[in-house]
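K.L.:
Okay, here's the structure, questions in a sec.
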Amino acid sequence: MRGLGPGLAVRRLLPLRLPPRPQRPPGPRLSSRPTVSGALDRAMDELLRRAVPATPVYELREKSPAPAEGQCADFVSFYGGLTEVAERAELLGRLAQGFGVDHGQVAEQSAGVLQLREQPREAAVLLQAEDRLRYALVPRYRGLFHHISKLDGGVRFLVQLRADLIEAQALKLVEGPHVREMNGVLKGMLTEWFSSGFLNLERVTWHSPCEVLQKISESEAVHPVKNWMDIKQRVGPYRRCYFFSHCSTPEEPLVILHVALTSDISSNIQQGYTGRPGPNFHDARKVYTSKALGSCKPESWDGEVKPATWLLGKDADCARGQLPAPSPPSAAAMSNWRKDRLGASSSEPLKVIIIGNGPSGICLSYLLSGYTPYVKPDAVHPHPLLQRKLSEAPGVSLLDQDLDYLSEGLEGRCQSPVALLFDALLRPDTDFGGNAESVLTWKLQRERAVPHVVLGRNLPGGAWHSIEGSMVTLSQGQWMGLPDLEVKDWMRRKRRGLRNSRATAGDIAHYYRDYVNKKGLGQSFVSGAVVTAVEWGIPEPSGSGARDPSALFQVSGFLTTEDQSQQPFSLWAHNVVLATGTSDSPARLGIPGETLPFVHHELSALEVAIRAGTVTPDSDPVLIIGAGLSAADAVLYARHYNIPVIHAFRRTVDDPGLVFNQLPKMLYPEYHKVHQMMREQSILSPSPYEGYRSLPEHQLLLFKEDRQALFQDPQGLRKVFGLSLVLVLIGSHPDLSFLPGAGAPLAVDPDQPLSAKRNPIDVEPFTYQSTQQEGLYAVGPLAGDNFVRFVQGGALAVASSLLRKEARKPP
C-alpha cells in the first residue's frame, strides 16, 4: 500500500471486520491438498467456466460488454457457501491454475515484438505490438476480481479472499507459482484501491455511531482505552480523534489519528509544544497540531508528559487528508520573535540572514549552528591526490582549511570547485557506481556557531513542499541527502523505499523538514516569511561600534498571522545569503490571452482541477506546453487519471538539446515513455496512447476566451483546439524583485536578465560572496549550482568565509 503520504505515518492498520463465517466442524486441518468429491469438483469447474469472463480480442477490448453481474455474484455466493478452508483452497487453486495468462498468446506476441525490432519499421508499429504483448500478459482472473469489486461489498469480499489464500498457502493446502502469481495480482489491485485517494477522513464525536466508538476502544494498541471517561477526553474539547475508512467499508476505522490542542503558540512556529496543558488551558488559543504516532510514540505519563516534539506548521499530508490547518503565528509571537529566538534587540544587527529555506539554506544553517566537519583519522579517500592533501592537516576542521588548495585538480559534473570537493568528501566514488562511506565526521562545537536566522515562505524544504508528492526526483535518492543523515537510512527508519534508486518528492520534502528537527535547527527557522526588500549601505545604529556602514543590510518583509493579516518586520544584518532557488517565478509565453483564468503556470492547478472534478476523462483535452521534465510530469499525472492531453513544444522530438535525449533509459523509464509518446503525431491514428496528441515544432499564437488555442505548425498552417485547461511549463526564473534592479546588477552579465542556467549571480568561486557587494552571498541555483548534491559545496564556502570574518573581528 502506498500509504497516506510521505509525511503521515500510519498508527495502526486495523483488520477489516467481515461477517462471521459458518463454524468449521471440529477436527484436524488438512496438511496437504485435498481431493474434493466428484459433485463438488464438477460444480467448481462449471462455476469457473461461467463466472470468469473470457478475454476479448485486442481490437475489441474497449467495446466488449461487461459480464452479467449475476455471474460474479454467483462466484461470491458459491465461495461463501464453502465452509471448509480446504474447499476454498481447492477453488482458488483451480482459479489460479486454469484461468491465468494464455502462454500461447504471450509467446506469439513476444515473437512479433522481436521480429519488429529486427526490421526498420515505424516506432508506432513496434509500440502497438508491445501493447498487444502487455494485454496478453493480463491473467483472466484479474477481470473476475475487477468485476467483483463493483458489487456491493465486493472489495470487502476480495480482502477476505486474499486472507483465505494466504492462510491456505501457510497450511500448504495450495501451492505453486500460479498461486503465488495470483496472490501478487490481487495484492497489487488492493494496493491501488486502498491508496489515500479512496480513504475518507471522519472525525469521531459523541454523535458518531456507538459501533465506531466501540471498535476504536477495542482496537487501540498504542494507548488502550481505559474507560468511557478516557474516550470522553479523546473526543471532547481538549483533543480530537479522527479515523480513516475506506469508501467500500464505511464506519470501519482502518487508521486512527489523534490531534491535540496546545496551550499556547510557540514564539518559533517550528518549535513543538513539550508540556502538559496548564491551568489556563480552557482560555488557550486553539492551535491544531498533527501528531503522527507511527513515527513519534509519546511515552506514557504519570502526571507529567515526557518531552516529545509535536510539529507545528502546515503539514501537506494533513492538508490532503483534510485535517484542520495549523494556525500561523500571532502578532504577539512575531513581536517577541527576535527577543526570544534570536537573542537580539530590535536595533542590534544580526550576524547572518539567510533568505530561503530549501536544501541550500538548511545545509548552511547546519554549518553555522556549530556542526563542524573533520576528516576521519582512519579514512582513505579513493582520489590519491585529494587523500595526500587531506593527510597534510590531520585534525584540522575542513572549514579552517584552504578550500582552493583542496579542490584543485578535481573534476566532475559541476563547474564549482568547492561543490566538487564537498561532494567528493560526502560521496567519494558515487559517480563510478560505488557506495563508499563519507570520509567526514561531524562534531557539534557550539562555540563556533554563528547567530543566524533563516526566512522562508514554506516549511523547511522550500519549494519541495509545492511539488506533487508522488513525483519522482530526477537525481538518485542518495544524492538528495544533507550532511550526516543519509536519505537511505532515514527512509529505512520511516519504512519507505526508493523507486529505481530515486525518491518521491513527498519523501524528500518530509526528509528536509525532519532534518531540521533532528539536527535541532528549528530555532533559527521562520516559515511563512516573505521578503519584500533588501537594501545595503544602511548606517549602523550609534554606539554599536565602528563597522563599515556599507556592510550593513536591512531586510524587510511580512509574516502572515493567524487572522491572515500581514505582520511587517524589518531586520538588520552584517551578512545576507540569497538561497531562494529558481522556482518562484514561472516563465511566460508573452502571448495574448495568457492571463485568462483557464491558463496556468503550475502543475498544482491540474491537481486542483482533477480533485474538484472540473477536469475529467470526458472533458476537452488539457493543453501542456513545454518539453522539459515539468511538462513530462504533467503528462504522466494527467494520463494517470485518463485525462486527454495535447502536448505542444517548439523543438523537434530528436533535438539533441531535449532533456529526454540526455537521460539514461534504465534510470528514467517514465520520462523515456513520455518521449516515446511525443513521437506520436496524432491521436486519430492507431496508437497505444489513446487520448494523447503531440504537437512538435508548433508555435502558440494566442488563447481565446472560449477556451480555444490557436497554433501555427512548421508549414505555416494554423490550427485551433478546444481545451479544458492550459499548463504553461516552460521553466521558471528566480524572483529577486526584493533586490535593486531585480538582482540584474549582480549577474555575470548585468545587461541581461538574471537566469540560474544562463546568467547567474557573479560570485567568488571559493567564498560565494558577490563580486559586486561585500557581505552579500548567493548559493544554490542562483550561483549556478542546480543539483542538491552540489548546492552543499556553496554552503561550505559561505560558512568558511563567515567564520573567517568572525575570527578577524576585533575584541
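Residue numbers start at 1 in each chain; chains themselves are named A, B, ... in the order of the C-alpha cells; ligands are numbered from 1 in the order shown.
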Could you give me, as a list in words, the residues within 10 Å of Gly409 (chain A), counting only C-alpha atoms and dropping anything in the same chain fewer than 4 positions from it?

P.N.:
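Surrounding residues, per the criterion: Leu385, Leu386, Tyr405, Pro417 and Leu421 of chain A.
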
K.L.:
Go through region 362-455 of chain A and collect every residue that DSSP, computed from the backbone, puts in helix (DSSP H, G or I); the answer should be as a PyMOL selection string.

P.N.:
chain A and resi 362-368+384-390+398-400+403-407+417-426+430-432+446-448

K.L.:
Could you pull out the residues in region 72-259 of chain A that DSSP calls strand (DSSP E or B) from the backbone, as a PDB file with all heavy atoms, in the first residue's frame?

P.N.:
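Contents of part_22.pdb, as written:
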ATOM      1  N   LEU A 199      -9.581   6.826   0.627  1.00  0.00           N
ATOM      2  CA  LEU A 199      -9.825   6.827   2.060  1.00  0.00           C
ATOM      3  C   LEU A 199     -10.576   8.084   2.468  1.00  0.00           C
ATOM      4  O   LEU A 199     -10.326   9.166   1.947  1.00  0.00           O
ATOM      5  CB  LEU A 199      -8.499   6.744   2.820  1.00  0.00           C
ATOM      6  CG  LEU A 199      -7.680   5.457   2.626  1.00  0.00           C
ATOM      7  CD1 LEU A 199      -6.381   5.545   3.401  1.00  0.00           C
ATOM      8  CD2 LEU A 199      -8.460   4.234   3.036  1.00  0.00           C
ATOM      9  N   ASN A 200     -11.510   7.937   3.383  1.00  0.00           N
ATOM     10  CA  ASN A 200     -12.294   9.051   3.886  1.00  0.00           C
ATOM     11  C   ASN A 200     -11.855   9.365   5.308  1.00  0.00           C
ATOM     12  O   ASN A 200     -11.662   8.454   6.123  1.00  0.00           O
ATOM     13  CB  ASN A 200     -13.788   8.706   3.876  1.00  0.00           C
ATOM     14  CG  ASN A 200     -14.279   8.358   2.493  1.00  0.00           C
ATOM     15  OD1 ASN A 200     -13.938   9.023   1.520  1.00  0.00           O
ATOM     16  ND2 ASN A 200     -15.074   7.302   2.387  1.00  0.00           N
ATOM     17  N   LEU A 201     -11.698  10.659   5.586  1.00  0.00           N
ATOM     18  CA  LEU A 201     -11.324  11.095   6.922  1.00  0.00           C
ATOM     19  C   LEU A 201     -12.573  11.560   7.653  1.00  0.00           C
ATOM     20  O   LEU A 201     -13.288  12.435   7.175  1.00  0.00           O
ATOM     21  CB  LEU A 201     -10.301  12.226   6.850  1.00  0.00           C
ATOM     22  CG  LEU A 201      -9.796  12.728   8.199  1.00  0.00           C
ATOM     23  CD1 LEU A 201      -8.947  11.669   8.872  1.00  0.00           C
ATOM     24  CD2 LEU A 201      -8.991  14.000   8.023  1.00  0.00           C
ATOM     25  N   GLU A 202     -12.845  10.971   8.807  1.00  0.00           N
ATOM     26  CA  GLU A 202     -14.023  11.313   9.586  1.00  0.00           C
ATOM     27  C   GLU A 202     -13.607  11.641  11.010  1.00  0.00           C
ATOM     28  O   GLU A 202     -12.701  10.997  11.568  1.00  0.00           O
ATOM     29  CB  GLU A 202     -15.024  10.150   9.591  1.00  0.00           C
ATOM     30  CG  GLU A 202     -15.476   9.720   8.198  1.00  0.00           C
ATOM     31  CD  GLU A 202     -16.442   8.551   8.245  1.00  0.00           C
ATOM     32  OE1 GLU A 202     -17.345   8.583   9.121  1.00  0.00           O
ATOM     33  OE2 GLU A 202     -16.292   7.624   7.444  1.00  0.00           O
ATOM     34  N   ARG A 203     -14.272  12.621  11.580  1.00  0.00           N
ATOM     35  CA  ARG A 203     -13.989  12.978  12.968  1.00  0.00           C
ATOM     36  C   ARG A 203     -14.914  12.198  13.896  1.00  0.00           C
ATOM     37  O   ARG A 203     -16.097  12.016  13.616  1.00  0.00           O
ATOM     38  CB  ARG A 203     -14.174  14.474  13.184  1.00  0.00           C
ATOM     39  CG  ARG A 203     -13.899  14.899  14.624  1.00  0.00           C
ATOM     40  CD  ARG A 203     -14.129  16.374  14.849  1.00  0.00           C
ATOM     41  NE  ARG A 203     -14.150  16.660  16.265  1.00  0.00           N
ATOM     42  CZ  ARG A 203     -14.515  17.819  16.807  1.00  0.00           C
ATOM     43  NH1 ARG A 203     -14.881  18.800  16.011  1.00  0.00           N
ATOM     44  NH2 ARG A 203     -14.522  17.996  18.101  1.00  0.00           N
ATOM     45  N   VAL A 204     -14.353  11.731  15.004  1.00  0.00           N
ATOM     46  CA  VAL A 204     -15.128  10.993  15.991  1.00  0.00           C
ATOM     47  C   VAL A 204     -15.654  11.982  17.033  1.00  0.00           C
ATOM     48  O   VAL A 204     -14.874  12.715  17.642  1.00  0.00           O
ATOM     49  CB  VAL A 204     -14.268   9.910  16.670  1.00  0.00           C
ATOM     50  CG1 VAL A 204     -15.092   9.160  17.713  1.00  0.00           C
ATOM     51  CG2 VAL A 204     -13.721   8.950  15.628  1.00  0.00           C
ATOM     52  N   ARG A 239      -9.115  17.392  22.945  1.00  0.00           N
ATOM     53  CA  ARG A 239      -8.415  16.634  21.927  1.00  0.00           C
ATOM     54  C   ARG A 239      -9.375  16.334  20.793  1.00  0.00           C
ATOM     55  O   ARG A 239     -10.584  16.517  20.909  1.00  0.00           O
ATOM     56  CB  ARG A 239      -7.846  15.328  22.508  1.00  0.00           C
ATOM     57  CG  ARG A 239      -6.832  15.544  23.611  1.00  0.00           C
ATOM     58  CD  ARG A 239      -6.400  14.223  24.222  1.00  0.00           C
ATOM     59  NE  ARG A 239      -5.665  13.414  23.257  1.00  0.00           N
ATOM     60  CZ  ARG A 239      -5.220  12.195  23.516  1.00  0.00           C
ATOM     61  NH1 ARG A 239      -5.459  11.646  24.679  1.00  0.00           N
ATOM     62  NH2 ARG A 239      -4.546  11.514  22.608  1.00  0.00           N
ATOM     63  N   ARG A 240      -8.822  15.888  19.708  1.00  0.00           N
ATOM     64  CA  ARG A 240      -9.618  15.495  18.544  1.00  0.00           C
ATOM     65  C   ARG A 240      -9.202  14.095  18.129  1.00  0.00           C
ATOM     66  O   ARG A 240      -8.023  13.740  18.197  1.00  0.00           O
ATOM     67  CB  ARG A 240      -9.407  16.457  17.369  1.00  0.00           C
ATOM     68  CG  ARG A 240      -9.809  17.900  17.657  1.00  0.00           C
ATOM     69  CD  ARG A 240     -11.332  18.040  17.736  1.00  0.00           C
ATOM     70  NE  ARG A 240     -11.711  19.439  17.873  1.00  0.00           N
ATOM     71  CZ  ARG A 240     -11.946  20.041  19.031  1.00  0.00           C
ATOM     72  NH1 ARG A 240     -11.802  19.355  20.166  1.00  0.00           N
ATOM     73  NH2 ARG A 240     -12.287  21.304  19.069  1.00  0.00           N
ATOM     74  N   CYS A 241     -10.161  13.312  17.710  1.00  0.00           N
ATOM     75  CA  CYS A 241      -9.892  11.965  17.227  1.00  0.00           C
ATOM     76  C   CYS A 241     -10.485  11.837  15.835  1.00  0.00           C
ATOM     77  O   CYS A 241     -11.648  12.199  15.595  1.00  0.00           O
ATOM     78  CB  CYS A 241     -10.493  10.922  18.162  1.00  0.00           C
ATOM     79  SG  CYS A 241     -10.197   9.218  17.648  1.00  0.00           S
ATOM     80  N   TYR A 242      -9.685  11.348  14.899  1.00  0.00           N
ATOM     81  CA  TYR A 242     -10.121  11.114  13.529  1.00  0.00           C
ATOM     82  C   TYR A 242      -9.813   9.675  13.150  1.00  0.00           C
ATOM     83  O   TYR A 242      -8.943   9.040  13.750  1.00  0.00           O
ATOM     84  CB  TYR A 242      -9.398  12.047  12.556  1.00  0.00           C
ATOM     85  CG  TYR A 242      -9.681  13.522  12.735  1.00  0.00           C
ATOM     86  CD1 TYR A 242      -8.984  14.265  13.692  1.00  0.00           C
ATOM     87  CD2 TYR A 242     -10.628  14.166  11.963  1.00  0.00           C
ATOM     88  CE1 TYR A 242      -9.236  15.609  13.864  1.00  0.00           C
ATOM     89  CE2 TYR A 242     -10.880  15.525  12.129  1.00  0.00           C
ATOM     90  CZ  TYR A 242     -10.183  16.230  13.083  1.00  0.00           C
ATOM     91  OH  TYR A 242     -10.418  17.568  13.250  1.00  0.00           O
ATOM     92  N   PHE A 243     -10.519   9.176  12.174  1.00  0.00           N
ATOM     93  CA  PHE A 243     -10.160   7.866  11.639  1.00  0.00           C
ATOM     94  C   PHE A 243     -10.392   7.861  10.132  1.00  0.00           C
ATOM     95  O   PHE A 243     -11.250   8.568   9.608  1.00  0.00           O
ATOM     96  CB  PHE A 243     -10.956   6.737  12.316  1.00  0.00           C
ATOM     97  CG  PHE A 243     -12.417   6.675  11.940  1.00  0.00           C
ATOM     98  CD1 PHE A 243     -12.844   5.895  10.869  1.00  0.00           C
ATOM     99  CD2 PHE A 243     -13.365   7.371  12.660  1.00  0.00           C
ATOM    100  CE1 PHE A 243     -14.183   5.830  10.521  1.00  0.00           C
ATOM    101  CE2 PHE A 243     -14.710   7.317  12.321  1.00  0.00           C
ATOM    102  CZ  PHE A 243     -15.118   6.548  11.239  1.00  0.00           C
ATOM    103  N   PHE A 244      -9.566   7.070   9.470  1.00  0.00           N
ATOM    104  CA  PHE A 244      -9.706   6.855   8.036  1.00  0.00           C
ATOM    105  C   PHE A 244     -10.501   5.578   7.804  1.00  0.00           C
ATOM    106  O   PHE A 244     -10.241   4.544   8.421  1.00  0.00           O
ATOM    107  CB  PHE A 244      -8.333   6.718   7.360  1.00  0.00           C
ATOM    108  CG  PHE A 244      -7.619   8.012   7.137  1.00  0.00           C
ATOM    109  CD1 PHE A 244      -6.723   8.484   8.075  1.00  0.00           C
ATOM    110  CD2 PHE A 244      -7.842   8.763   5.995  1.00  0.00           C
ATOM    111  CE1 PHE A 244      -6.058   9.677   7.876  1.00  0.00           C
ATOM    112  CE2 PHE A 244      -7.183   9.946   5.787  1.00  0.00           C
ATOM    113  CZ  PHE A 244      -6.288  10.421   6.738  1.00  0.00           C
ATOM    114  N   SER A 245     -11.481   5.665   6.920  1.00  0.00           N
ATOM    115  CA  SER A 245     -12.221   4.484   6.488  1.00  0.00           C
ATOM    116  C   SER A 245     -12.178   4.424   4.969  1.00  0.00           C
ATOM    117  O   SER A 245     -11.959   5.430   4.300  1.00  0.00           O
ATOM    118  CB  SER A 245     -13.667   4.538   6.972  1.00  0.00           C
ATOM    119  OG  SER A 245     -14.346   5.636   6.371  1.00  0.00           O
ATOM    120  N   HIS A 246     -12.369   3.229   4.459  1.00  0.00           N
ATOM    121  CA  HIS A 246     -12.375   3.052   3.007  1.00  0.00           C
ATOM    122  C   HIS A 246     -13.788   3.253   2.497  1.00  0.00           C
ATOM    123  O   HIS A 246     -14.775   2.977   3.188  1.00  0.00           O
ATOM    124  CB  HIS A 246     -11.856   1.654   2.646  1.00  0.00           C
ATOM    125  CG  HIS A 246     -11.534   1.486   1.199  1.00  0.00           C
ATOM    126  ND1 HIS A 246     -12.396   0.920   0.299  1.00  0.00           N
ATOM    127  CD2 HIS A 246     -10.437   1.833   0.485  1.00  0.00           C
ATOM    128  CE1 HIS A 246     -11.849   0.911  -0.906  1.00  0.00           C
ATOM    129  NE2 HIS A 246     -10.662   1.458  -0.822  1.00  0.00           N
ATOM    130  N   THR A 249     -15.924   0.302   2.805  1.00  0.00           N
ATOM    131  CA  THR A 249     -16.179  -0.201   4.159  1.00  0.00           C
ATOM    132  C   THR A 249     -16.433   0.972   5.092  1.00  0.00           C
ATOM    133  O   THR A 249     -15.615   1.277   5.959  1.00  0.00           O
ATOM    134  CB  THR A 249     -14.988  -1.032   4.673  1.00  0.00           C
ATOM    135  OG1 THR A 249     -13.808  -0.222   4.622  1.00  0.00           O
ATOM    136  CG2 THR A 249     -14.781  -2.265   3.837  1.00  0.00           C
ATOM    137  N   VAL A 255      -7.364   3.442  10.104  1.00  0.00           N
ATOM    138  CA  VAL A 255      -6.236   4.172  10.689  1.00  0.00           C
ATOM    139  C   VAL A 255      -6.798   5.211  11.644  1.00  0.00           C
ATOM    140  O   VAL A 255      -7.723   5.937  11.294  1.00  0.00           O
ATOM    141  CB  VAL A 255      -5.395   4.864   9.594  1.00  0.00           C
ATOM    142  CG1 VAL A 255      -4.223   5.599  10.227  1.00  0.00           C
ATOM    143  CG2 VAL A 255      -4.888   3.848   8.582  1.00  0.00           C
ATOM    144  N   ILE A 256      -6.251   5.265  12.854  1.00  0.00           N
ATOM    145  CA  ILE A 256      -6.724   6.207  13.867  1.00  0.00           C
ATOM    146  C   ILE A 256      -5.688   7.304  14.046  1.00  0.00           C
ATOM    147  O   ILE A 256      -4.500   7.026  14.176  1.00  0.00           O
ATOM    148  CB  ILE A 256      -6.975   5.492  15.202  1.00  0.00           C
ATOM    149  CG1 ILE A 256      -8.069   4.422  15.028  1.00  0.00           C
ATOM    150  CG2 ILE A 256      -7.388   6.482  16.277  1.00  0.00           C
ATOM    151  CD1 ILE A 256      -8.269   3.576  16.251  1.00  0.00           C
ATOM    152  N   LEU A 257      -6.133   8.553  14.039  1.00  0.00           N
ATOM    153  CA  LEU A 257      -5.246   9.701  14.242  1.00  0.00           C
ATOM    154  C   LEU A 257      -5.752  10.501  15.436  1.00  0.00           C
ATOM    155  O   LEU A 257      -6.954  10.728  15.571  1.00  0.00           O
ATOM    156  CB  LEU A 257      -5.229  10.604  12.997  1.00  0.00           C
ATOM    157  CG  LEU A 257      -4.734   9.982  11.698  1.00  0.00           C
ATOM    158  CD1 LEU A 257      -4.948  10.968  10.559  1.00  0.00           C
ATOM    159  CD2 LEU A 257      -3.268   9.642  11.813  1.00  0.00           C
ATOM    160  N   HIS A 258      -4.832  10.934  16.269  1.00  0.00           N
ATOM    161  CA  HIS A 258      -5.176  11.803  17.385  1.00  0.00           C
ATOM    162  C   HIS A 258      -4.585  13.179  17.142  1.00  0.00           C
ATOM    163  O   HIS A 258      -3.440  13.314  16.721  1.00  0.00           O
ATOM    164  CB  HIS A 258      -4.655  11.237  18.701  1.00  0.00           C
ATOM    165  CG  HIS A 258      -5.454  10.080  19.210  1.00  0.00           C
ATOM    166  ND1 HIS A 258      -6.698  10.216  19.753  1.00  0.00           N
ATOM    167  CD2 HIS A 258      -5.186   8.749  19.224  1.00  0.00           C
ATOM    168  CE1 HIS A 258      -7.170   9.029  20.107  1.00  0.00           C
ATOM    169  NE2 HIS A 258      -6.253   8.116  19.782  1.00  0.00           N
ATOM    170  N   VAL A 259      -5.355  14.208  17.397  1.00  0.00           N
ATOM    171  CA  VAL A 259      -4.933  15.593  17.230  1.00  0.00           C
ATOM    172  C   VAL A 259      -5.170  16.300  18.548  1.00  0.00           C
ATOM    173  O   VAL A 259      -6.255  16.199  19.114  1.00  0.00           O
ATOM    174  CB  VAL A 259      -5.709  16.280  16.089  1.00  0.00           C
ATOM    175  CG1 VAL A 259      -5.271  17.718  15.934  1.00  0.00           C
ATOM    176  CG2 VAL A 259      -5.520  15.518  14.796  1.00  0.00           C
TER     177      VAL A 259
END

K.L.:
Quick one: residues within 12 Å of Gly184 (chain A), only C-alpha atoms, excluding same-chain residues fewer than 3 positions away - as a compact mmCIF listing (two decimals) with C-alpha atoms, in the first residue's frame?

P.N.:
# COMPACT_ATOMS: atom_id res chain seq x y z
CA ALA A 96 -5.09 -19.69 -10.43
CA PRO A 139 -4.47 -13.05 -16.41
CA ARG A 142 -7.99 -10.30 -12.91
CA ARG A 162 -6.83 -12.91 -0.09
CA LEU A 165 -5.41 -17.52 0.11
CA ILE A 166 -2.58 -16.55 2.46
CA PRO A 177 3.92 -20.45 -8.93
CA HIS A 178 0.43 -19.90 -10.33
CA VAL A 179 -0.97 -19.39 -6.84
CA ARG A 180 1.84 -17.03 -5.88
CA GLU A 181 1.24 -15.05 -9.07
CA LYS A 187 -2.27 -7.69 -3.69
CA GLY A 188 -1.48 -5.14 -6.40
CA MET A 189 -5.18 -4.45 -7.00
CA LEU A 190 -5.87 -3.98 -3.29
CA THR A 191 -2.85 -1.70 -3.03

K.L.:
Would you list the contacts of region 71-76 of chain A as a ChimeraX atom specification, taking every protein, DNA or RNA residue within 9 Å and counting only C-alpha atoms, but skipping same-chain residues closer than 4 positions in sequence?

P.N.:
/A:47-48,50-53,67,80-81,144-145,147-148,151,154,157

K.L.:
Measure the distance from CA of Asp706 (chain A) to CA of Leu596 (chain A) in Å and round it to one decimal.

P.N.:
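Going from CA of Asp706 (chain A) over to CA of Leu596 (chain A), I get 10.0 Å.
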
K.L.:
So which residues touch region 440-442 of chain A within 10 Å, counting only C-alpha atoms, skipping near sequence neighbours fewer than 4 positions away, as a list in words?

P.N.:
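Residues meeting the cut-off are Leu367, Gly370, Tyr371, Thr372, Pro373, Tyr374, Val375, Lys376, Pro377, Ala379, Ser397, Leu398, Phe422, Leu425, Leu426, Arg427, Pro483 and Asp484 of chain A.
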
K.L.:
Could you tell me which of A:Ala509, A:Ile646, A:Ile353, A:Leu95 comes closest to Glu690 (chain A) if we count only C-alpha atoms?

P.N.:
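Ranking A:Ala509, A:Ile646, A:Ile353, A:Leu95 by distance to Glu690 (chain A), first place goes to A:Ile646.
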
K.L.:
Tell me, as an mmCIF file with C-alpha atoms, in the first residue's frame, which residues lie within 8 Å of Val635 (chain A), counting only C-alpha atoms; anything in the same chain fewer than 3 positions away does not count.

P.N.:
data_model
loop_
_atom_site.group_PDB
_atom_site.id
_atom_site.type_symbol
_atom_site.label_atom_id
_atom_site.label_comp_id
_atom_site.auth_asym_id
_atom_site.auth_seq_id
_atom_site.Cartn_x
_atom_site.Cartn_y
_atom_site.Cartn_z
ATOM 1 C CA ILE A 624 0.520 21.087 -21.796
ATOM 2 C CA ALA A 631 5.903 19.156 -18.702
ATOM 3 C CA ALA A 632 6.646 15.416 -18.703
ATOM 4 C CA ALA A 638 -2.826 13.640 -16.475
ATOM 5 C CA ARG A 639 -2.584 10.242 -18.158
ATOM 6 C CA VAL A 645 -3.780 15.641 -23.360
ATOM 7 C CA HIS A 647 1.268 18.273 -25.735
ATOM 8 C CA VAL A 674 6.824 10.305 -22.429
#

K.L.:
From the options A:Glu437, A:Asp102, A:Asp654, A:Glu764, which residue's atoms come nearest to Val418 (chain A), counting only C-alpha atoms?

P.N.:
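Of all the options, A:Glu764 lies closest to Val418 (chain A).
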
K.L.:
Within 12 Å of Asp749 (chain A), counting only C-alpha atoms, which residues qualify if same-chain residues fewer than 4 places away don't, as a ChimeraX atom specification?

P.N.:
/A:743-745,753-755,758-762,772
